[in-house]
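Down below is the structure, laid out as structure tokens.
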There are 2 protein chains.
Amino acid sequence: MKATIYHVARRARVSTATVSRFLNGTGPVAAETRHRIEQAIQVLGYRPNTVARSLVTKATHTLALLMPDITNPFFPDLVKGVQLLADERGYTVLLCSVAGDPAREEEYLEMLSAKQVDGALLVGLVCGRETIARFARHGIPIVSLDRNIDYPPAPLVHVNHRKGARIATEHLLQLGHRLVAHVSGPIGLRVSHERLAGYREALSRAGVAYDRRLVVSGDFTEEAGYEGIEALLHTATPFTAIFAANDLAAIGATAALTDSGRRVPEDVSVVGFDDIRLAAYTSPALTTIRQPTYEMGRRATELLIDAVHGRMLGPGQQVVFEGELIVRASSMPIAAAQQAKTV
Amino acid sequence: MKATIYHVARRARVSTATVSRFLNGTGPVAAETRHRIEQAIQVLGYRPNTVARSLVTKATHTLALLMPDITNPFFPDLVKGVQLLADERGYTVLLCSVAGDPAREEEYLEMLSAKQVDGALLVGLVCGRETIARFARHGIPIVSLDRNIDYPPAPLVHVNHRKGARIATEHLLQLGHRLVAHVSGPIGLRVSHERLAGYREALSRAGVAYDRRLVVSGDFTEEAGYEGIEALLHTATPFTAIFAANDLAAIGATAALTDSGRRVPEDVSVVGFDDIRLAAYTSPALTTIRQPTYEMGRRATELLIDAVHGRMLGPGQQVVFEGELIVRASSMPIAAAQQAKTV
DNA sequence: CTGTTAGCGCGTTCAA
DNA sequence: TTGAACGCGCTAACAG
């Protein structure tokens, strides 16, 4: 049977209140008493029961992390950032994969308030705003990643997707490419929209006409990238470069190109987005836009813990990270021969 | 202020005991009373406080998953399996990245017993057995992945690493390769040891002498795979194939080969282990041994929940999964020209 | 500096 | 079929 604070108190010949004071450093405890308590704790192998503690303090030191799918290589780094910072601050992380399913998101949100988590980090949720508003009413602080939550306003951490996409596209444009295809993310997601917008912005600034036939819609997976480009190749619409909405899609696109006998980057340049861990090791190594995923996880968690402690920078606070172009081997200047010929 | 069971009881003009019976289906509740309670719950937006509930039932419906580093692409699938099964069974998952640090492992283990988790899934821990034994004394059920925990005996889920490694190596041998290098995992880890053993077993069965100069030690990262092979190339020890202890190392090795002007698989065949998500999309697509990671996560969690409920198949129970050879493009028959020449 | 007392929100006897 | 009373393990006044 497990030792409780009561057992410790009896063995140290003090009251439970004194033991509690000793444990939490709240209120004074005589050196001699302190010693006896330490002994008792040692002997009994006592560990405070956090559940009982939470019941009275109303704090669980637990944070929830809701995200679509840990299996997307973009997330592990984020999780790591969250994890490590939470750990440093004495918090623990509850992981919830909601699989892009609004019903599951709602269920989980309900459960979290029952579980009395101290705060929630929401990443890539697709549920309606009233679902989140209802949850927020429980008084649990929220920090959002990549999605603006206006009511009630929650701190927001995101990267400048539009600018990142623009930079990626400009990179291709500067290399002389004019026929730049785009594999988009799932339509309806703000992230996809922004990246597409950045792509168009770059084209427009460079005076290149936007051709919607060059945009294939994906869903951030390799499969979709592969199939999208495969389909595009079948339409015989010429292009010399691809900006994919994320690295996975870029990798799928590259595979489609290779399988059809094209060489990357000699025939087609490819640029991705995210800079996942393996981007540097694909063949050819992938040119991409780096998101400081790990850092974003840390920062978001920091904001969340601040919010838990009632420290907020002010309403509508947000942290914006900038994407950084990482040039590797998958992009190169357009070849003279290419300029004329159809791919 | 949040509604408690007391508020529900008052509004429904019954006692808290009746509400509790209604909520948990323990004991009878008259249809008419039931109706009033439902109404009250609805109106007040009541959700039972799981913390209070846990304090009396001693069950938190929370499982802990301890693993080295979520950032290794091997883990996300595992986590997903754990997550989904836990979810189906009404459990929630606490994620702990212990970073291969025994001290952190011990800390976390301590915390888990304080947090009163119902069970713990231990993956790839490196701490001493007495650390685990001490934890087990708290009476929290454990399931182990890839590491045999003998005292007290815990259910074990693992793949047959040795056999998988043997099959991988045999595949290369059957293709005619005789000079097969190996990039190992961290020394001291059982998994690394087993995979090395499988490699040696295959060589020995084929009557090929084991050459320790062909074994470079890594740590399951791309970096180590890259550097290991780079170093091996510098020694000018000839080889025509590589069996890497995991896909990450295989990918790193491939990059080292490519960067030094070798072609894969024409000059050197490469085989990995794990079949991570991107293995099918590397260039060339990676031949590897598939571990049913997702399924293992599910199965392990199932065993854990069974253990939580006191249902065990018996002492020393274990579930062994078999690795499956997935032949892709990174391995090919040794070329006639190669047989003589030094790589 | 320390002990007594009263909850935190809930499940669970035991009578009624 | 229901309610009163107690306790889970702990913290937080309030006295002393």
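Residues in the structure tokens are named by chain (A, B, ... in the order shown) and by number from 1 within that chain; ligands are numbered from 1 in the order shown.
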
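Using only C-alpha atoms (C1' of nucleotides), the protein and nucleic acid residues lying no more than 10 Å from DG7 (chain C), apart from those fewer than 4 places from it along its own chain, are Val56 of chain A; DT11 and DA12 of chain D.
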
Which residues of chain C come within 12 Å of chain A, and what is each one's closest atom pair and distance in Å (one decimal), counting only C-alpha atoms (C1' of nucleotides), sorted by chain and residue number, as a tab-separated table?
```
residue	atom	partner	partner_atom	distance
C:DC1	C1'	A:Val29	CA	6.4
C:DT2	C1'	A:Thr18	CA	7.0
C:DG3	C1'	A:Ser15	CA	6.2
C:DT4	C1'	A:Ser15	CA	9.3
C:DT5	C1'	A:Ala17	CA	10.9
C:DG7	C1'	A:Val56	CA	8.6
C:DC8	C1'	A:Val56	CA	4.5
C:DG9	C1'	A:Leu55	CA	7.6
C:DC10	C1'	A:Leu55	CA	10.3
```

Could you give me, as a CSV table (one decimal) with N, CA, C and O atoms, in the first residue's frame, the residues within 9 Å of DG9 (chain D), counting only C-alpha atoms (C1' of nucleotides) and dropping anything in the same chain fewer than 5 positions from it?
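Produced file out.csv, reproduced below:
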```csv
chain,number,residue,atom,x,y,z
A,4,THR,N,1.0,7.8,2.1
A,4,THR,CA,0.4,9.1,1.9
A,4,THR,C,1.0,10.1,2.8
A,4,THR,O,1.8,9.8,3.6
A,5,ILE,N,0.6,11.3,2.6
A,5,ILE,CA,1.1,12.4,3.4
A,5,ILE,C,0.9,12.2,4.9
A,5,ILE,O,1.6,12.6,5.8
A,6,TYR,N,-0.2,11.5,5.1
A,6,TYR,CA,-0.6,11.1,6.5
A,6,TYR,C,0.4,10.2,7.2
A,6,TYR,O,0.8,10.4,8.3
A,48,PRO,N,4.2,12.6,-3.4
A,48,PRO,CA,2.9,13.2,-3.4
A,48,PRO,C,2.0,12.8,-4.5
A,48,PRO,O,2.4,12.6,-5.6
A,49,ASN,N,0.8,12.6,-4.2
A,49,ASN,CA,-0.2,12.2,-5.2
A,49,ASN,C,-0.7,13.4,-5.9
A,49,ASN,O,-1.4,14.2,-5.4
A,50,THR,N,-0.3,13.5,-7.2
A,50,THR,CA,-0.6,14.8,-7.9
A,50,THR,C,-2.1,14.9,-8.2
A,50,THR,O,-2.6,16.0,-8.4
A,51,VAL,N,-2.8,13.8,-8.2
A,51,VAL,CA,-4.2,13.8,-8.5
A,51,VAL,C,-4.9,14.5,-7.3
A,51,VAL,O,-5.7,15.5,-7.5
A,52,ALA,N,-4.6,14.1,-6.1
A,52,ALA,CA,-5.2,14.7,-4.9
A,52,ALA,C,-4.8,16.2,-4.9
A,52,ALA,O,-5.6,17.1,-4.6
A,53,ARG,N,-3.6,16.4,-5.2
A,53,ARG,CA,-3.1,17.8,-5.2
A,53,ARG,C,-3.9,18.7,-6.2
A,53,ARG,O,-4.3,19.8,-5.9
B,55,LEU,N,-9.4,10.5,-8.0
B,55,LEU,CA,-8.9,10.4,-6.7
B,55,LEU,C,-9.6,9.3,-5.9
B,55,LEU,O,-9.0,8.6,-5.1
```

Interface, chain B side, toward chain A (8 Å; only C-alpha atoms) as a ChimeraX atom specification: /B:2,47-52,54-55,69-71,73,76-77,79-80,83-84,92-97,113-116,138,222,251-252,255,281-284

DSSP strand (DSSP E or B) selection over region 41-253 of chain A, as a ChimeraX atom specification: /A:62-67,92-97,119-123,142-145,156-159,180-184,215-217,241-244

Proximal residues of chain D relative to chain B (only C-alpha atoms (C1' of nucleotides); 12 Å) as a PyMOL selection string: chain D and resi 1-5+7-10

Would you mind listing what lies within 9 Å of Pro141 (chain A) as a compact mmCIF listing (two decimals) with N, CA, C and O atoms, in the first residue's frame, with only C-alpha atoms (C1' of nucleotides) counted and same-chain residues fewer than 3 positions away left out?
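Below is the file that was written, selection.txt:
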```txt
# COMPACT_ATOMS: atom_id res chain seq x y z
N ASP A 118 -4.35 22.21 -18.00
CA ASP A 118 -4.12 23.62 -17.69
C ASP A 118 -4.15 24.50 -18.93
O ASP A 118 -4.35 25.71 -18.83
N GLY A 119 -3.91 23.89 -20.08
CA GLY A 119 -3.90 24.68 -21.31
C GLY A 119 -3.88 23.77 -22.52
O GLY A 119 -3.59 22.58 -22.39
N ALA A 120 -4.19 24.32 -23.66
CA ALA A 120 -4.23 23.51 -24.87
C ALA A 120 -3.55 24.22 -26.03
O ALA A 120 -3.74 25.41 -26.25
N LEU A 121 -2.77 23.44 -26.75
CA LEU A 121 -2.09 23.95 -27.93
C LEU A 121 -2.80 23.35 -29.13
O LEU A 121 -2.83 22.12 -29.30
N ALA A 136 -13.44 27.24 -25.21
CA ALA A 136 -12.78 28.35 -24.52
C ALA A 136 -13.58 28.81 -23.30
O ALA A 136 -13.02 29.31 -22.33
N HIS A 138 -14.72 27.17 -21.08
CA HIS A 138 -14.32 26.45 -19.87
C HIS A 138 -13.20 27.18 -19.15
O HIS A 138 -12.78 26.78 -18.08
N ALA A 154 -6.99 34.25 -29.16
CA ALA A 154 -5.96 33.41 -28.55
C ALA A 154 -4.62 33.78 -29.17
O ALA A 154 -4.56 34.14 -30.34
N LEU A 304 1.77 29.57 -24.08
CA LEU A 304 0.68 28.86 -23.42
C LEU A 304 0.87 28.86 -21.91
O LEU A 304 -0.06 29.15 -21.15
N ILE A 305 2.07 28.54 -21.50
CA ILE A 305 2.33 28.50 -20.06
C ILE A 305 2.20 29.90 -19.45
O ILE A 305 1.67 30.06 -18.35
N ALA A 307 0.15 32.10 -20.50
CA ALA A 307 -1.30 32.32 -20.41
C ALA A 307 -1.87 31.58 -19.21
O ALA A 307 -2.74 32.10 -18.51
N VAL A 308 -1.38 30.39 -18.96
CA VAL A 308 -1.84 29.61 -17.82
C VAL A 308 -1.61 30.41 -16.54
O VAL A 308 -2.42 30.41 -15.62
N GLY A 310 -1.61 33.48 -16.35
CA GLY A 310 -2.26 34.78 -16.43
C GLY A 310 -1.40 35.88 -17.00
O GLY A 310 -1.73 37.05 -16.91
```

Sel. of helix (DSSP H, G or I) residues, region 157-259 of chain B, as a PyMOL selection string: chain B and resi 161-174+190-205+212-214+222-235+247-259

Within 10 Å of Leu189 (chain B) using only C-alpha atoms (C1' of nucleotides), minus same-chain residues under 4 positions, as a PyMOL selection string: chain B and resi 124-126+146-147+185+193-194+219

Would you save the residues from that selection as a PDB file, in the first residue's frame, using C-alpha atoms?
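Below is the file that was written, result.pdb:
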```pdb
ATOM      1  CA  GLY B 124      13.908   1.876 -26.186  1.00  0.00           C
ATOM      2  CA  LEU B 125      14.816   2.851 -22.642  1.00  0.00           C
ATOM      3  CA  VAL B 126      18.457   2.711 -21.738  1.00  0.00           C
ATOM      4  CA  ASP B 146      12.113  -4.129 -27.861  1.00  0.00           C
ATOM      5  CA  ARG B 147      13.585  -4.641 -24.486  1.00  0.00           C
ATOM      6  CA  GLY B 185      23.235   1.048 -34.419  1.00  0.00           C
ATOM      7  CA  HIS B 193      23.346  -6.119 -31.260  1.00  0.00           C
ATOM      8  CA  GLU B 194      20.598  -8.282 -32.708  1.00  0.00           C
ATOM      9  CA  ASP B 219      23.652   5.694 -33.956  1.00  0.00           C
TER      10      ASP B 219
END
```

Contacts of DC6 (chain D) at 12 Å (only C-alpha atoms (C1' of nucleotides); same-chain gap of 5+ positions) as an MDAnalysis selection string: chainID C and resid 11:14

For CA of His161 (chain B) and CA of Tyr210 (chain B), the interatomic separation in Å (one decimal): 19.0 Å

Test item: residues at most 9 Å from Val180 (chain B), only C-alpha atoms (C1' of nucleotides), excluding those fewer than 3 positions along its chain, as a PDB file with C-alpha atoms, in the first residue's frame:
```pdb
ATOM      1  CA  THR B 169      21.774  -9.589 -45.641  1.00  0.00           C
ATOM      2  CA  LEU B 172      22.297  -9.004 -50.778  1.00  0.00           C
ATOM      3  CA  LEU B 173      24.153 -12.286 -50.706  1.00  0.00           C
ATOM      4  CA  HIS B 177      27.402  -9.590 -53.209  1.00  0.00           C
ATOM      5  CA  LEU B 203      27.366 -14.203 -43.732  1.00  0.00           C
ATOM      6  CA  LEU B 214      33.384  -3.619 -43.024  1.00  0.00           C
ATOM      7  CA  VAL B 215      31.364  -2.765 -39.937  1.00  0.00           C
ATOM      8  CA  PHE B 239      32.664  -3.453 -50.701  1.00  0.00           C
ATOM      9  CA  THR B 240      29.763  -3.735 -53.124  1.00  0.00           C
ATOM     10  CA  ALA B 241      26.809  -3.577 -50.780  1.00  0.00           C
ATOM     11  CA  ILE B 242      25.697  -2.099 -47.481  1.00  0.00           C
ATOM     12  CA  PHE B 243      23.227  -3.344 -44.953  1.00  0.00           C
ATOM     13  CA  SER B 269      23.552  -1.848 -53.293  1.00  0.00           C
TER      14      SER B 269
END
```
